[in-house]
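Colleague: Input: one structure, supplied below.
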Amino acid sequence: MIHSLFLINPSGDIFLEKHWKSVVSRSVCDYFLEAKEKALEPEDVPPVIHTPRHYLISIYRDKLFFLSVIQTEVPPLFVIEFLHRVAEMIQDYFGECSETVVKDNMVMVYELLEEMLDNGFPLATESNVLKEMIRPPTILRSVVNTLTGTSNIGDTLPTGQLSTIPWRRAGVKYTNNEAYFDVVEEIDAILDQSGTTVFAEIQGVVGACVKLSGMPDLTLSFMNPRLLDDVSFHPCVRYKRWESERVLSFIPPDGNFTLMTYHVNAQNLVAIPVYVKQSISFFESGSGGRLDVTVGPKQTMGKTVEGVMVTVHLPKTILSVNLTATQGSYTYDNGTKLLVWDIGKLNPQKLPNLRGSLSLQAGAPKPEENPSLNIDLKIQQLAISGLKVNRLDMFGEKYKPFKGVKYITKAGKFQVRT
Amino acid sequence: MTDSKYFTTTKKGEIFELKAELNSDKKEKKKEAVKKVIASMTVGKDVSALFPDVVNCMQTDNLELKKLVYLYLMNYAKSQPDMAIMAVNTFVKDCEDPNPLIRALAVRTMGCIRVDKITEYLCEPLRKCLKDEDPYVRKTAAVCVAKLHDINAQLVEDQGFLDTLKDLISDSNPMVVANAVAALSEIAESHPNSNLLDLNPQSINKLLTALNECTEWGQIFILDCLANYTPRDDRESQSICERVTPRLSHANSAVVLSAVKVLMKFMEMLPKDLDYYGTLLKKLAPPLVTLLSAEPELQYVALRNINLIVQKRPEILKHEMKVFFVKYNDPIYVKLEKLDIMIRLASQANIAQVLAELKEYATEVDVDFVRKAVRAIGRCAIKVEQSAERCVSTLLDLIQTKVNYVVQEAIVVIKDIFRKYPNKYESVIATLCENLDSLDEPEARAAMIWIVGEYAERIDNADELLESFLEGFHDESTQVQLQLLTAIVKLFLKKPTETQELVQQVLSLATQDSDNPDLRDRGYIYWRLLSTDPVAAKEVVLAEKPLISEETDLIEPTLLEELICHIGTLASVYHKPPSAFVEGSRGVMHKRLPARTGSGEGTESPDVGNVAGGSAPEAAPSIIPSQGDLLGDLLNLDLAPPTTTGPPPPTSGMQMGGMDLLGGGLDSLLGGDIGGSPAMGAGFGAAPAVMPASLNAPVGGGLGDLFDLGGGVGMPMGAYIPPKTVWLPAMKAKGLEISGTFARRAGVIQMELVLTNKAMSVMTDFAIQFNRNSFGLAPAGPLQVLTPLGPNQTIEVSLPLSTVGPVMKMDPLNNLQVAVKNNIDVFYFSCQYPISMLFVEDGKMERQVFLATWKDIPNDNESQFQIQDCHLNSDAASNKLQGSNIFTIAKRTVEGQDMLYMAIKLSNGIWVLAELKMQAGNPNYTISLKCRAPEVSQCVFQCYEAVLKN
């Protein structure tokens, strides 16, 4: 099982270590640091590293490496999932996941880690349960604690730990009972030079923020559940009812959680909201080149496309760019060779265009690679797959909750090749 | 108010300050001090000097303080065992606390303190906690057993904790069940032969019930445990699959992959025509695709596993090609894996798409990725024949880009395409030759040289091209040097008139100026070949090469099966069996997929038990343990077959010897450039065909009967032949499985072998050799495997044996150590032959001689055995035994008891005399054996038993 955990910052300093079995010397991280040196980008460090006596499984998240040491055969996905849970826990407790935040709350992080694993076995990873045992810091509480001498540690058994619904604590009370659902869809797509879709799919997430008293039993139904053939659920969802009736029936956790994720990859269902006309060319002589990019709306279902942003990784040999944008502004970082064009709202009447010249370093040959464009966009009040929530019913409690659903479509990994 | 303040003081006096604060009277101050200590600990500072002061804070009502002290204890108790004892009392007291949280915390912490003295005190509280009324305490205690086992395994067994843990599998609380399963799995890993997780349909049912209700992590443990179970029949298998399928929709990817493992394994048992089978196949694709939209690290592990799944069941993902398309900001490790899977999924239907993608990738920035993409185009050409032309033109396009590493990769793969489709694309050679100068990597240079040598007759200036390489011969890497040598020899054989000078030059460079033994040896071999028999040289060097197969990069099926059973584990990430690399997994069980069987049948037939299901260490005795020694012995022997029984023509002996001598060298010589292909096999495999017919003609059982008839008694009772057993399992021999038996037919001892090729590649060049053995058994001729043995092909061979080989006493006496060689490797195994095959036909003895000999042999040499449960009358027994050359000399009947006196002569002239007592109605016989060499008695008795009972 999971033996130890090290948190490492991008420059290779270990700033937290936790051992759930015997202590493993931190020199074990040297193998990892070596691999990190070899990798071009921090993202490229292989997640599973084999050392003579241990296995190192790591994730890179929020600019931090979470590195776990294992000694026996353990499912790597189990470890990786757990590491992501640790990152989420830190985010959840302290609002962000960064080296500073961890250092500022070192003892609490340590206590939390101790609660999350016992001898390498996960013990309590549900945020609800954890929060009952170790209360998250708030300004008010720290003041109260210093005045009264009480602690952040709960001294009763968390109620969720053992019930068959470990994700919900008992005795939840709210004055305003409300349940909000966010349907967020991300389009992952690769378009080729001519604008034809090479590959497209939608990653959907139904996030929820449920603040309801007692033990509400919710049923969420969709207008067109047929769209969803590839789903994964939060453990609270009753799978049998989904199988038979295509409705989500569940007793929700308290607070924010991801109810469901889904996946639509039938090509005809994935609408591409924008088109991109581009040409990036370099002169044969090798002294420079031209860039010309135009973005326009395509299948937007009558909604406005906002927050459009085009990112281009230009070849290493580019020295400078001289461009004009008809809308929005562009920035170019010569260190990372990253060109970012922030367009904002798309106006169908007047299409935004960015054009101008690129100059190469003196004597550099014509670049071999074709830079890809990365597109960012946002469409409010639209789930591009067409998914719609039909209704939400509540059983088990008497009060009338306030309900709301929000839709948003975003670009995920949306790439245009040149 | 943040914890960073704890790091502000880093002066030397820090420890003193903390000490004072820890001993403060104020509760708050104490707690703050402990927090500071913990903070220092988390960043790896040594604060062990504060041990007594921290432990003093332990007895408190404040739960937070208690927890903090516990955290400290866990870290430092090991270094201060004597001090740690101070804590025991508090622990024991806490284990009795009315608050279950504190009880659980105490037992949990105690388990983490790896100090013997503390663990002794842990037993009693742990026993109570395992039976605690509160499930939270029980589930914590279950994990604690695993901790204790890690510290002191013996103690856990002595205290009977394992049984209590097993009982917890039937606990009413699913969380307790899950933790018990997790603890047992961990313990079982260090206990290879224990049946800790002895699963039966009842316990399976309990696990499946708990599966629905426990936490996501518990589900992983339970699913992994289920995967070790082998259902009794397809119905049970289906019902388990049905109950596991909902897990595929879990948000936790580890749960999903563990569920996939269970399904992939149990699916194996379902009949393919079953509707459910098809449904299940369809259900597997979406969750696998979903895994690919997770974080890159998860994707990587998922991709490594999908790689296995695609090889085992390509139909699952055959329509999902597009999800494996590479995005430019994928991490490199994800890109490379996706590429691999794309090639595995490539088929005629999607090849156009795939090629377009690959061409796109070839213009990316990342050099490693670009190289792999170019290679992938080559692999597509080899895999999908219809696309070959497209691939070649794509590669030519890429060569036109003149990007150095792209050109080099392209040339390497074009060489492979030539091997696959000879005489089809040679028109491109001219284009390749244009790029000769830009090649600076050994592999690309070697590939180009190979092409020039291979097609020397079509390249007008081949000699010039090769000569240009020759100039810097000594600076080249070995790979290139070897290739150059071979290429020039090829060129010489094709155009002998113009290139004599060149070949002499390269031969002298290779043999005289080089320190590399490989190069020198190859040089000499060519030299001699060319100087003694140019025609033979031509046959050898220009032999037609077998086509390369597209499956060369597939994982061997036996390994694949094992890996499928390990989906989701490290083994599946490394594509190696767990035994190959996991440290501390003492004796990992080899897992195999269950066989497809009908209802109510066992899944593995017992006679292959030691190959399949059984744990590997148990099977080991049949494989000779100390290979080194044996190898030495074997090498001492002459590798040529013994020329004793019958007159095998010396020429064939020469051929064989020659083959063995050259085998390795020539293989690497011709095969090396193309990846170890069995090129030589084709050439030399034919040699043994000239073996004398007298030896290899299969002598049928009919002839044996005739002999028996001639022998006088007139009962057509054949000699006893034991059933065939597996001697060398495929897993131990890179896919070669050997089973066999021994028989004596018409006075000739024969070893009857069944060779099965379970690997992907063709096997050739079989040869066999015995170690010295008790009766001097040796092959009387070479192993007659005339045709190369293709994948999944089986061949039966019978090998005549002589008994005039070198003698060495073995233990057991009838043990025979065998080495079998093929083009892949040499394998060793040992088997036991029935001694009855050494009983010769002239074993009859005069009555008087028998009597005299019986008296002559000292009574000490007599041994008595019982044969039980045999229902034959004396005549039938006598007849049966005669079939195996055990001759009845006399028969007496005394008081209803039949006494048979029998004589046996062994091939080495030893006589064995026997007295068989049998009473009518009593199935138990008594046999007394007398022999001057009493060691053989045991073996002879075994033969009696085998003959009489069969």
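Scheme for the structure tokens: letters A, B, ... for chains in order shown; per-chain residue numbers from 1; ligand numbers from 1 in order shown.
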With only C-alpha atoms as the counted atoms, please give the residues lying no more than 7 Å from region 77-89 of chain A, apart from itself and same-chain residues fewer than 5 positions off, as a list in words.
Modeller: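 Result of the neighbour search: Ile59, Phe66, Cys97 and Ser127 of chain A; Ser253, Ala254, Leu298, Val301 and Gly568 of chain B.
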Colleague: With N, CA, C and O atoms retained, export the selected residues as an mmCIF file, in the first residue's frame.
Modeller:
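Now in out.cif:
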data_model
loop_
_atom_site.group_PDB
_atom_site.id
_atom_site.type_symbol
_atom_site.label_atom_id
_atom_site.label_comp_id
_atom_site.auth_asym_id
_atom_site.auth_seq_id
_atom_site.Cartn_x
_atom_site.Cartn_y
_atom_site.Cartn_z
ATOM 1 N N ILE A 59 2.083 12.663 -9.364
ATOM 2 C CA ILE A 59 1.239 13.486 -10.224
ATOM 3 C C ILE A 59 1.785 14.897 -10.179
ATOM 4 O O ILE A 59 2.473 15.284 -9.225
ATOM 5 N N PHE A 66 3.185 15.690 -6.386
ATOM 6 C CA PHE A 66 2.780 14.831 -5.274
ATOM 7 C C PHE A 66 3.399 13.486 -5.573
ATOM 8 O O PHE A 66 3.030 12.828 -6.544
ATOM 9 N N CYS A 97 -4.354 25.274 -3.679
ATOM 10 C CA CYS A 97 -3.349 24.248 -3.427
ATOM 11 C C CYS A 97 -2.022 24.790 -3.887
ATOM 12 O O CYS A 97 -1.752 24.879 -5.078
ATOM 13 N N SER A 127 -14.750 14.448 1.792
ATOM 14 C CA SER A 127 -14.516 15.740 2.421
ATOM 15 C C SER A 127 -15.469 15.975 3.599
ATOM 16 O O SER A 127 -15.097 16.551 4.612
ATOM 17 N N SER B 253 -11.325 6.063 -11.207
ATOM 18 C CA SER B 253 -10.801 5.290 -12.326
ATOM 19 C C SER B 253 -10.185 3.968 -11.881
ATOM 20 O O SER B 253 -10.162 3.002 -12.637
ATOM 21 N N ALA B 254 -9.677 3.924 -10.660
ATOM 22 C CA ALA B 254 -9.088 2.669 -10.185
ATOM 23 C C ALA B 254 -10.172 1.616 -10.022
ATOM 24 O O ALA B 254 -9.953 0.436 -10.306
ATOM 25 N N LEU B 298 -3.375 9.440 -15.017
ATOM 26 C CA LEU B 298 -4.351 8.361 -15.090
ATOM 27 C C LEU B 298 -4.414 7.830 -16.519
ATOM 28 O O LEU B 298 -4.485 6.629 -16.738
ATOM 29 N N VAL B 301 -1.543 5.297 -17.236
ATOM 30 C CA VAL B 301 -1.775 3.951 -16.719
ATOM 31 C C VAL B 301 -2.884 3.278 -17.519
ATOM 32 O O VAL B 301 -2.778 2.101 -17.890
ATOM 33 N N GLY B 568 -4.337 -3.240 -14.276
ATOM 34 C CA GLY B 568 -4.456 -2.239 -13.224
ATOM 35 C C GLY B 568 -3.318 -2.273 -12.228
ATOM 36 O O GLY B 568 -3.262 -1.445 -11.340
#
Colleague: Where in region 118-251 of chain B does DSSP assign alpha helix (DSSP H), given as a PyMOL selection string?
Modeller: chain B and resi 118-130+135-151+153-158+161-168+174-189+201-213+216-226+234-244
Colleague: Counting only C-alpha atoms, which residues of chain A fall within 7 Å of chain B, and what is the closest atom pair for each with its distance in Å at one decimal, ordered by chain and rising number, as CSV?
Modeller:
residue,atom,partner,partner_atom,distance
A:Phe15,CA,B:Val43,CA,5.6
A:Leu16,CA,B:Val43,CA,5.1
A:Glu17,CA,B:Thr42,CA,5.5
A:Lys18,CA,B:Thr42,CA,6.7
A:Lys21,CA,B:Cys112,CA,6.7
A:Glu43,CA,B:Pro331,CA,5.9
A:Asp44,CA,B:Pro331,CA,5.0
A:Pro46,CA,B:Tyr333,CA,6.3
A:Pro47,CA,B:Glu297,CA,5.7
A:Arg53,CA,B:Glu583,CA,6.6
A:Ile59,CA,B:Glu297,CA,6.3
A:Thr72,CA,B:Val582,CA,6.6
A:Glu73,CA,B:Leu570,CA,6.2
A:Val74,CA,B:Thr569,CA,6.1
A:Pro75,CA,B:Thr569,CA,4.2
A:Pro76,CA,B:Thr569,CA,6.1
A:Leu77,CA,B:Ala254,CA,4.9
A:Phe78,CA,B:Ala254,CA,5.0
A:Ile80,CA,B:Leu298,CA,6.7
A:Lys103,CA,B:Ser4,CA,5.8
A:Asp104,CA,B:Asp3,CA,4.5
A:Asn105,CA,B:Asp3,CA,5.0
A:Met106,CA,B:Asp3,CA,5.9
A:Val107,CA,B:Ala39,CA,5.8
A:Asn119,CA,B:Lys147,CA,6.8
A:Pro122,CA,B:Trp217,CA,6.6
A:Gly149,CA,B:Glu28,CA,6.7
A:Ser151,CA,B:Glu64,CA,6.5
A:Ile153,CA,B:Glu64,CA,5.5
A:Asp155,CA,B:Leu63,CA,6.4
A:Thr156,CA,B:Leu101,CA,6.6
A:Leu157,CA,B:Leu101,CA,5.4
A:Leu162,CA,B:Tyr136,CA,6.6
A:Thr164,CA,B:Glu213,CA,6.1
A:Phe199,CA,B:Lys322,CA,6.1
A:Asp230,CA,B:Pro286,CA,5.4
A:Val231,CA,B:Ser249,CA,5.9
A:Ser232,CA,B:Ser249,CA,4.2
A:Phe233,CA,B:Ala251,CA,5.3
A:His234,CA,B:Ala251,CA,5.8
A:Pro235,CA,B:His250,CA,6.9
A:Tyr239,CA,B:Pro246,CA,6.7
A:His263,CA,B:Thr290,CA,6.8
A:Glu368,CA,B:Thr363,CA,6.7
A:Glu369,CA,B:Thr363,CA,5.0
A:Asn370,CA,B:Thr363,CA,6.6
Colleague: For CA of Phe414 (chain A) and CA of Leu191 (chain A), quote the distance in Å rounded to one decimal.
Modeller: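 Answer for the CA of Phe414 (chain A) to CA of Leu191 (chain A) separation: 8.1 Å.
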Colleague: Quick one: pick out all strand (DSSP E or B) residues within region 222-322 of chain A from a backbone DSSP run and write them as an MDAnalysis selection string.
Modeller: chainID A and resid 222 231:233 237 247:250 255:264 274:282 288:297 306:313 318:322
Colleague: Need to verify the contact set: region 7-13 of chain A, 7 Å, only C-alpha atoms, exclusion of same-chain residues closer than 5 positions in sequence. Can you return it as a PyMOL selection string?
Modeller: chain A and resi 33+63-67
Colleague: Find the residues around Asn256 (chain A) up to 12 Å (only C-alpha atoms counted), leave out those fewer than 4 positions away in its own chain, and share them as number ranges by chain.
Modeller: A: 92, 126-128, 167-168, 178-182, 206-212, 234, 252
Colleague: Pull the closest atom pair for each residue of region 224-246 of chain A that gets at most 12 Å from region 267-287 of chain A, along with the distance in Å to one decimal, counting only C-alpha atoms, ordering rows by chain and then ascending residue number, as JSON lines.
Modeller:
{"residue": "A:Arg226", "atom": "CA", "partner": "A:Leu269", "partner_atom": "CA", "distance": 11.9}
{"residue": "A:Leu227", "atom": "CA", "partner": "A:Leu269", "partner_atom": "CA", "distance": 8.7}
{"residue": "A:Leu228", "atom": "CA", "partner": "A:Leu269", "partner_atom": "CA", "distance": 11.3}
Colleague: Applying 12 Å and only C-alpha atoms, which residues near Glu389 (chain B) remain after dropping the ones on its own chain fewer than 6 positions away? List them as a ChimeraX atom specification.
Modeller: /B:351-352,355,377-378,380-382,395-396,414,417-418,421,424-428
Colleague: Would you list the contacts of Pro442 (chain B) as a list of chain:residue names, taking every protein, DNA or RNA residue within 7 Å and counting only C-alpha atoms, but skipping same-chain residues closer than 3 positions in sequence?
Modeller: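 Non-adjacent residues within range: B:Arg445, B:Ala446, B:Ser477, B:Gln479, B:Val480.
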Colleague: Write the residues of the preceding selection, restricted to N, CA and C atoms, as a CSV table (one decimal), in the first residue's frame.
Modeller:
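part-v7.csv, freshly written:
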chain,number,residue,atom,x,y,z
B,445,ARG,N,22.5,3.9,-40.7
B,445,ARG,CA,23.6,3.6,-41.5
B,445,ARG,C,23.6,2.1,-41.8
B,446,ALA,N,23.4,1.3,-40.7
B,446,ALA,CA,23.3,-0.2,-40.9
B,446,ALA,C,22.2,-0.5,-41.8
B,477,SER,N,30.3,2.1,-35.6
B,477,SER,CA,29.9,1.2,-34.5
B,477,SER,C,29.9,-0.2,-34.9
B,479,GLN,N,27.6,-2.4,-35.0
B,479,GLN,CA,26.5,-2.7,-35.8
B,479,GLN,C,26.7,-2.5,-37.3
B,480,VAL,N,27.3,-1.3,-37.5
B,480,VAL,CA,27.6,-0.9,-38.9
B,480,VAL,C,28.7,-1.7,-39.5
Colleague: Please provide the set of residues having any atom within 8 Å of region 499-513 of chain B, restricted to only C-alpha atoms, with same-chain residues fewer than 6 positions apart removed, written as a PDB file with C-alpha atoms, in the first residue's frame.
Modeller:
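Done, and the output landed in part_31.pdb:
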ATOM      1  CA  ASP B 463      30.553  -1.047 -54.867  1.00  0.00           C
ATOM      2  CA  GLU B 467      33.555   1.494 -50.495  1.00  0.00           C
ATOM      3  CA  LEU B 470      34.695   1.363 -45.781  1.00  0.00           C
ATOM      4  CA  PHE B 473      35.524   1.447 -41.054  1.00  0.00           C
ATOM      5  CA  LEU B 485      31.082  -6.895 -43.787  1.00  0.00           C
ATOM      6  CA  ILE B 488      30.274  -6.525 -49.088  1.00  0.00           C
ATOM      7  CA  VAL B 489      30.345 -10.308 -49.031  1.00  0.00           C
ATOM      8  CA  LEU B 491      28.049  -7.862 -53.173  1.00  0.00           C
ATOM      9  CA  PHE B 492      31.035 -10.044 -53.955  1.00  0.00           C
ATOM     10  CA  LEU B 519      33.438  -9.064 -36.112  1.00  0.00           C
ATOM     11  CA  ARG B 520      36.578 -11.153 -36.336  1.00  0.00           C
ATOM     12  CA  ASP B 521      34.680 -14.417 -36.077  1.00  0.00           C
ATOM     13  CA  GLY B 523      35.055 -12.296 -40.900  1.00  0.00           C
ATOM     14  CA  TYR B 524      36.829 -15.632 -40.562  1.00  0.00           C
ATOM     15  CA  TRP B 527      36.668 -16.014 -45.412  1.00  0.00           C
TER      16      TRP B 527
END
Colleague: Could you tell me how far CA of Leu377 (chain A) lies from CA of Lys410 (chain A), in Å and to one decimal?
Modeller: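 A separation of 5.5 Å between them.
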